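Enquirer: Take this structure, written in C-alpha cells, and hold onto it; I'll ask about it next.
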Amino acid sequence: MLGLELVVVLGVCILASTVASGRLRLAAPVLLVLCGAVLGFVPALESVSLPPEAMLLIFLPALLYWESLNTSLREIRSNLRPIILLSTLLVVATAGAVASVAHALGLDWGPAWVLGAALAPTDATAVSAIARGMPRRTTTILRAESLINDGTALVIYAIAVAITAGEQQFSTGAVGLRLLLSYAGGAVAGLAIAWLAVQVRKRLDNPLHESVVSILTPFSAFLLAEVAHGSGVIAVVTCGLTLARVGPRIVPADTRQVSYAFWGIATFLLNGALFVLIGLQAHAAVRSLDGSEILTAFGAIGLVALTVAGTRLLWGYTTPYVIRAIDRRPQQRLRRVGARQRLVSSAAGFRGAVSLAAALAVPETVQGGAPFPFRDEIILITSGVVVLTLVVQSLMLPSIIRFSQLPEDTALDEELRLAQATASEEAYEALPSLADKVGVRDVVYKRVLAEYEHHLEVRRAKEAGDDEVVQSEVEYNALRLELIAHKRATVVRLRDERAIDDIVLRAVQRRLDVEEVRLSRREVDED
C-alpha cells in the first residue's frame, strides 16, 4: 500500500504547493521541498527515497526532452560561447573548488571529487521553475547551460567514482578523451534518434500513435547514447533541439494538441514529485545523524554551499572581462551585460535532483569489498546543499532581479506581433490563388474573403489604437462564447433526458471545446 499512499501524498503536495505558491508569492519548488521535509516526520514515509536509477533513466530524459523542445535554438546559437563556457569550464571549476574544500574538511581526494562532480551542474528543472520573468537572453543561457552541463558533470563523476573504487587510474589525457567521446557519442545518438523519429512520424497519421513515438523518443536517445558509451544527456538535448526545429513541418495540429497536453501535465507532475522527494531525502540524511554530528554537518553544508555559489559568482565577474579583452568586435560590444545584470545569472545556479541522484548512485563498496569512503558524507552534504540553494537562492532571487534593474524585454512580443501580422497579410494576398487551386465556388470565396478582411481590419485597428473596432470584436467573442455555453448545456440536457447517448455528448463536446479554446485564445491575444 505504501506505493499507492505515496502517489496520493505526492499529488496532494504538488497541488497544494503550486496553488499556495501563487498566493504566497513563493516559488513552488521551495514549498515542495519544504513539504517533503515535513513529510519526513511521518513514520510510514521514513523509508521513502529517490532511486538514482529512476532519476537518471526515467525522470531526466523526459524533463530534458521537454525543456529542449521549448528552448530557442536561435538564442542558443547567438549565445553559444557563454553557454559552452558555463556548461564545461565552469562545471570543472566548480567541481575542483568543491573538491578542494571537501578535502580540507577531511575527505580523501577521490570522494571529494565525487562530491564536487555531483554538485557542479545546475538543475534544468529548478531553473525553469524558478528563474522566470527575466529577459529572453538570460533565460535561454541559464536553461541551455543547465541542459548541457549535466553531461560534463556526470562524466567527471563517473571518472571520480571509478578512480576511488580502484577501477581506473587518473590520466589527464584519458579524462579529456572520455569527455570528447561522451559529447560526440551523445550528439550522434541524438541526431540518429531524431532522424528516425521524423521518418516514423511521416508514415503515421494517428495522433495517439505519434504521441507514443514522442514518448519513446527521449528514452531511445538516452538508451542509444549509453549503449555507445556517450552522454545520454547530450543525446536527449540534441534530439529535442533537432525535433524542435523540424517538428513544425511534419507534426499535424491534432497531434501537437495531444502532445502538448500530455507533456505539459507529465512534466508538471514529474517536477513536483522530484522536489518533494528531494525534501524527503534531505530529511532522511539529517535524521541519520546524532545530536553531536548535526552542527558539524550543517557547518560543512554551509561551507560547501558558499563554495558552489562563490565559484559561480567569481566566474560571472571575471570571464566576461577576459572575453572583452580578447574579443573587441563591435557586435560583441553590443552584447555586453552590465555588472548588476550579471548578478542575476550568478544567483540562479540552483542545484537539484541530478546532483542528489548522483550522490545516491555512489556505490556502497569499492574493489575488494571495502566500504566506499565517505559515502554517507557525500549524500548528506549534497542533500543539504541542494535544499539550501533551492530555498535560499530562490527567496533571494526576486530582490536580486529588482536590484539588477534588468531591461524590459519586448522583443518576444514584437516578434509575436510580426508573425501574426505577416501570416495574416500573406494569407490574405494568397487567397485568390488558393481558391483557384482548391476550386471553390464564388460564394465560398467571398465568405472567406470577408472573414479575412474583418480579421485584418481588427488587427489594423488595434495597431492604430481604434478602440471602437477592438471593443466590437471583444463583444463578438463574448457572445460567441455564451452561445457555445448554451449549446453545451443543451446537449447535456439531451443526454440527461436520454435523447442522446454519452458517446454523442462527448463527440459534440469535443467540437465545442475546440471552438471555445480558439475564441478564448483569440480574446487573450487581442487584450
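Identifiers for the C-alpha cells are assigned positionally: chains receive A, B, ... in sequence, residues are indexed from 1 per chain, and ligands are indexed from 1 in the order shown.
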Quick one: residues within 12 Å of Lys462 of chain A, only C-alpha atoms, excluding same-chain residues fewer than 5 positions away - as a ChimeraX atom specification?
Expert: /A:417,421,455-457,467-474,525-527
Enquirer: List the neighbours of Ile148 of chain A out to 10 Å using only C-alpha atoms; skip same-chain residues closer than 2 positions along the sequence, and give me the result as a count of residues only.
Expert: 25
Enquirer: So what do you get for atom CA of Gly186 of chain A versus atom CA of Ala221 of chain A, distance-wise?
Expert: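 Pair atom CA of Gly186 of chain A / atom CA of Ala221 of chain A returns 8.2 Å.
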Enquirer: Need to verify the contact set: Val386 of chain A, 8 Å, only C-alpha atoms, exclusion of same-chain residues closer than 6 positions in sequence. Can you return it as a ChimeraX atom specification?
Expert: /A:350-353,355-356
Enquirer: Pick from A:Ala97, A:Leu63, A:Ala489, A:Val155: nearest to Leu270 of chain A, with only C-alpha atoms counted?
Expert: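 Closest residue, counting only C-alpha atoms: A:Leu63.
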Enquirer: Measuring between only C-alpha atoms, which one of A:Leu380, A:Ala117, A:Val7, A:Ala162 shows the shortest distance to Pro363 of chain A?
Expert: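 Smallest separation from Pro363 of chain A among the options: A:Ala162.
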Enquirer: For segment 14-25 of chain A, work out the shell of residues within 6 Å, counting only C-alpha atoms and skipping chain neighbours fewer than 5 positions away, then give it as a list in words.
Expert: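 Non-adjacent residues within range: Leu31, Leu32 and Gly272 of chain A.
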Enquirer: Now that the selection is made, can you save its residues with N, CA, C and O atoms as a CSV table (one decimal), in the first residue's frame?
Expert:
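The resulting file, result_22.csv, is shown below:
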chain,number,residue,atom,x,y,z
A,31,LEU,N,8.2,25.5,-1.7
A,31,LEU,CA,7.2,24.9,-0.9
A,31,LEU,C,7.2,23.4,-1.1
A,31,LEU,O,6.9,22.7,-0.1
A,32,LEU,N,7.5,22.9,-2.3
A,32,LEU,CA,7.5,21.4,-2.5
A,32,LEU,C,8.6,20.8,-1.7
A,32,LEU,O,8.4,19.7,-1.1
A,272,GLY,N,7.2,18.3,-9.8
A,272,GLY,CA,6.7,18.4,-8.4
A,272,GLY,C,7.1,17.3,-7.6
A,272,GLY,O,7.6,17.4,-6.4
Enquirer: Excluding same-chain residues fewer than 4 positions from Ala284 of chain A, what lies within 8 Å of it counting only C-alpha atoms, as a PDB file with N, CA and C atoms, in the first residue's frame?
Expert:
ATOM      1  N   GLY A  40       8.896  13.916   5.991  1.00  0.00           N
ATOM      2  CA  GLY A  40       9.888  13.026   6.577  1.00  0.00           C
ATOM      3  C   GLY A  40       9.604  12.669   8.022  1.00  0.00           C
ATOM      4  N   GLU A  46       9.300   7.234   6.214  1.00  0.00           N
ATOM      5  CA  GLU A  46      10.715   7.342   6.553  1.00  0.00           C
ATOM      6  C   GLU A  46      11.603   6.552   5.600  1.00  0.00           C
ATOM      7  N   LEU A 280      12.278  14.958   1.160  1.00  0.00           N
ATOM      8  CA  LEU A 280      12.271  13.713   1.931  1.00  0.00           C
ATOM      9  C   LEU A 280      13.679  13.178   2.134  1.00  0.00           C
ATOM     10  N   SER A 288      19.745  10.661  10.033  1.00  0.00           N
ATOM     11  CA  SER A 288      20.745   9.612  10.283  1.00  0.00           C
ATOM     12  C   SER A 288      21.862  10.066  11.225  1.00  0.00           C
TER      13      SER A 288
END
Enquirer: Kindly give the distance, in Å, that separates atom CA of Asn271 of chain A and atom CA of Ala112 of chain A, rounded to a single decimal.
Expert: 28.7 Å
Enquirer: Between A:Ile401, A:Val304, A:Ala485, A:Ile76, single out the one closest to Thr140 of chain A, counting only C-alpha atoms.
Expert: A:Ile76
Enquirer: Rounded to one decimal in Å, what is the spacing between atom CA of Phe374 of chain A and atom CA of Leu390 of chain A?
Expert: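 Taking atom CA of Phe374 of chain A and atom CA of Leu390 of chain A, their separation equals 24.3 Å.
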Enquirer: Pick out the closest residue to Ala165 of chain A from this set: A:Ala461, A:Ile301, A:Val362, A:Ala184. Count only C-alpha atoms.
Expert: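 So, comparing all the options, the nearest one is A:Val362.
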Enquirer: Go through A:Arg480, A:Arg328, A:His229, A:Arg511 one by one, measure the shortest atom-to-atom distance of each to Leu181 of chain A using only C-alpha atoms, and give the residue with the smallest value.
Expert: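 Among the listed residues, the smallest separation from Leu181 of chain A belongs to A:His229.
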Enquirer: Leaving out Arg245 of chain A and any residue of its chain fewer than 4 positions from it, which residues lie within 12 Å of it when counting only C-alpha atoms, given as a list in words?
Expert: Ser68, Leu69, Asn70, Thr71, Ser72, Leu73, Arg74, Ala194, Trp195, Val198, Thr238, Cys239, Gly240, Leu241, Arg249, Ile250 and Val251 of chain A
Enquirer: For Trp113 of chain A, work out the shell of residues within 7 Å, counting only C-alpha atoms and skipping chain neighbours fewer than 4 positions away, then give it as a ChimeraX atom specification.
Expert: /A:95-96,99,109,117,160
Enquirer: Any chance you could export the current selection's all heavy atoms as a short mmCIF file (atom, residue, chain, number, x, y, z; two decimals), in the first residue's frame?
Expert:
data_model
loop_
_atom_site.label_atom_id
_atom_site.label_comp_id
_atom_site.auth_asym_id
_atom_site.auth_seq_id
_atom_site.Cartn_x
_atom_site.Cartn_y
_atom_site.Cartn_z
N ALA A 95 33.54 21.84 -9.67
CA ALA A 95 33.90 20.54 -9.11
C ALA A 95 35.24 20.60 -8.39
O ALA A 95 35.40 20.05 -7.29
CB ALA A 95 33.93 19.49 -10.22
N GLY A 96 36.21 21.31 -8.99
CA GLY A 96 37.53 21.43 -8.36
C GLY A 96 37.49 22.23 -7.08
O GLY A 96 38.14 21.87 -6.09
N ALA A 99 35.80 20.14 -4.44
CA ALA A 99 36.70 19.05 -4.04
C ALA A 99 37.79 19.56 -3.09
O ALA A 99 38.14 18.90 -2.11
CB ALA A 99 37.32 18.42 -5.29
N TRP A 109 40.84 12.73 -1.59
CA TRP A 109 40.67 13.43 -2.87
C TRP A 109 39.65 12.73 -3.78
O TRP A 109 38.86 13.41 -4.46
CB TRP A 109 42.01 13.55 -3.59
CG TRP A 109 42.81 14.73 -3.15
CD1 TRP A 109 44.00 14.73 -2.49
CD2 TRP A 109 42.47 16.12 -3.33
NE1 TRP A 109 44.43 16.01 -2.23
CE2 TRP A 109 43.51 16.89 -2.75
CE3 TRP A 109 41.39 16.78 -3.92
CZ2 TRP A 109 43.50 18.28 -2.76
CZ3 TRP A 109 41.38 18.17 -3.92
CH2 TRP A 109 42.41 18.91 -3.36
N ALA A 117 31.81 16.78 -8.37
CA ALA A 117 31.14 16.50 -9.64
C ALA A 117 29.63 16.44 -9.46
O ALA A 117 28.86 16.88 -10.33
CB ALA A 117 31.65 15.18 -10.22
N ALA A 160 35.59 10.00 -11.37
CA ALA A 160 35.96 10.11 -9.96
C ALA A 160 35.54 8.87 -9.18
O ALA A 160 36.30 8.36 -8.33
CB ALA A 160 35.33 11.36 -9.34
#
Enquirer: Which of these residues is nearest to Pro407 of chain A, using only C-alpha atoms: A:Arg81, A:Arg324, A:Arg518, A:Arg137?
Expert: A:Arg137
Enquirer: Give the alpha helix (DSSP H) residues of segment 12-72 of chain A, as assigned by DSSP on the backbone, as an MDAnalysis selection string.
Expert: chainID A and resid 12:24 28:39 52:54 60:69
Enquirer: What would the file look like if the residues just selected were written as a CSV table (one decimal), in the first residue's frame with C-alpha atoms?
Expert:
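Okay, this is what ended up in again-v9.csv:
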chain,number,residue,atom,x,y,z
A,12,VAL,CA,-1.7,16.4,-2.7
A,13,CYS,CA,1.6,18.1,-2.0
A,14,ILE,CA,2.1,19.1,-5.7
A,15,LEU,CA,-1.5,20.5,-5.9
A,16,ALA,CA,-1.3,22.3,-2.5
A,17,SER,CA,2.2,23.8,-3.0
A,18,THR,CA,1.6,25.1,-6.6
A,19,VAL,CA,-1.8,26.7,-5.6
A,20,ALA,CA,-0.2,28.2,-2.4
A,21,SER,CA,2.9,29.5,-4.3
A,22,GLY,CA,0.8,32.0,-6.3
A,23,ARG,CA,-1.0,33.3,-3.2
A,24,LEU,CA,2.2,33.4,-1.0
A,28,ALA,CA,6.6,26.4,-6.0
A,29,PRO,CA,9.8,24.3,-5.7
A,30,VAL,CA,10.6,26.0,-2.3
A,31,LEU,CA,7.2,24.9,-0.9
A,32,LEU,CA,7.5,21.4,-2.5
A,33,VAL,CA,10.9,20.9,-0.8
A,34,LEU,CA,9.5,22.0,2.5
A,35,CYS,CA,6.6,19.7,2.1
A,36,GLY,CA,9.0,16.8,1.5
A,37,ALA,CA,11.0,17.8,4.6
A,38,VAL,CA,7.8,17.8,6.7
A,39,LEU,CA,6.6,14.5,5.3
A,52,PRO,CA,19.0,7.2,-8.6
A,53,GLU,CA,18.2,4.8,-11.4
A,54,ALA,CA,14.7,6.3,-11.6
A,60,LEU,CA,15.9,13.0,-16.5
A,61,PRO,CA,15.3,12.1,-20.2
A,62,ALA,CA,11.6,13.2,-20.0
A,63,LEU,CA,12.4,16.5,-18.4
A,64,LEU,CA,15.4,17.4,-20.5
A,65,TYR,CA,13.5,16.5,-23.7
A,66,TRP,CA,10.6,18.8,-22.9
A,67,GLU,CA,12.9,21.6,-21.9
A,68,SER,CA,14.8,21.2,-25.2
A,69,LEU,CA,11.6,21.3,-27.2
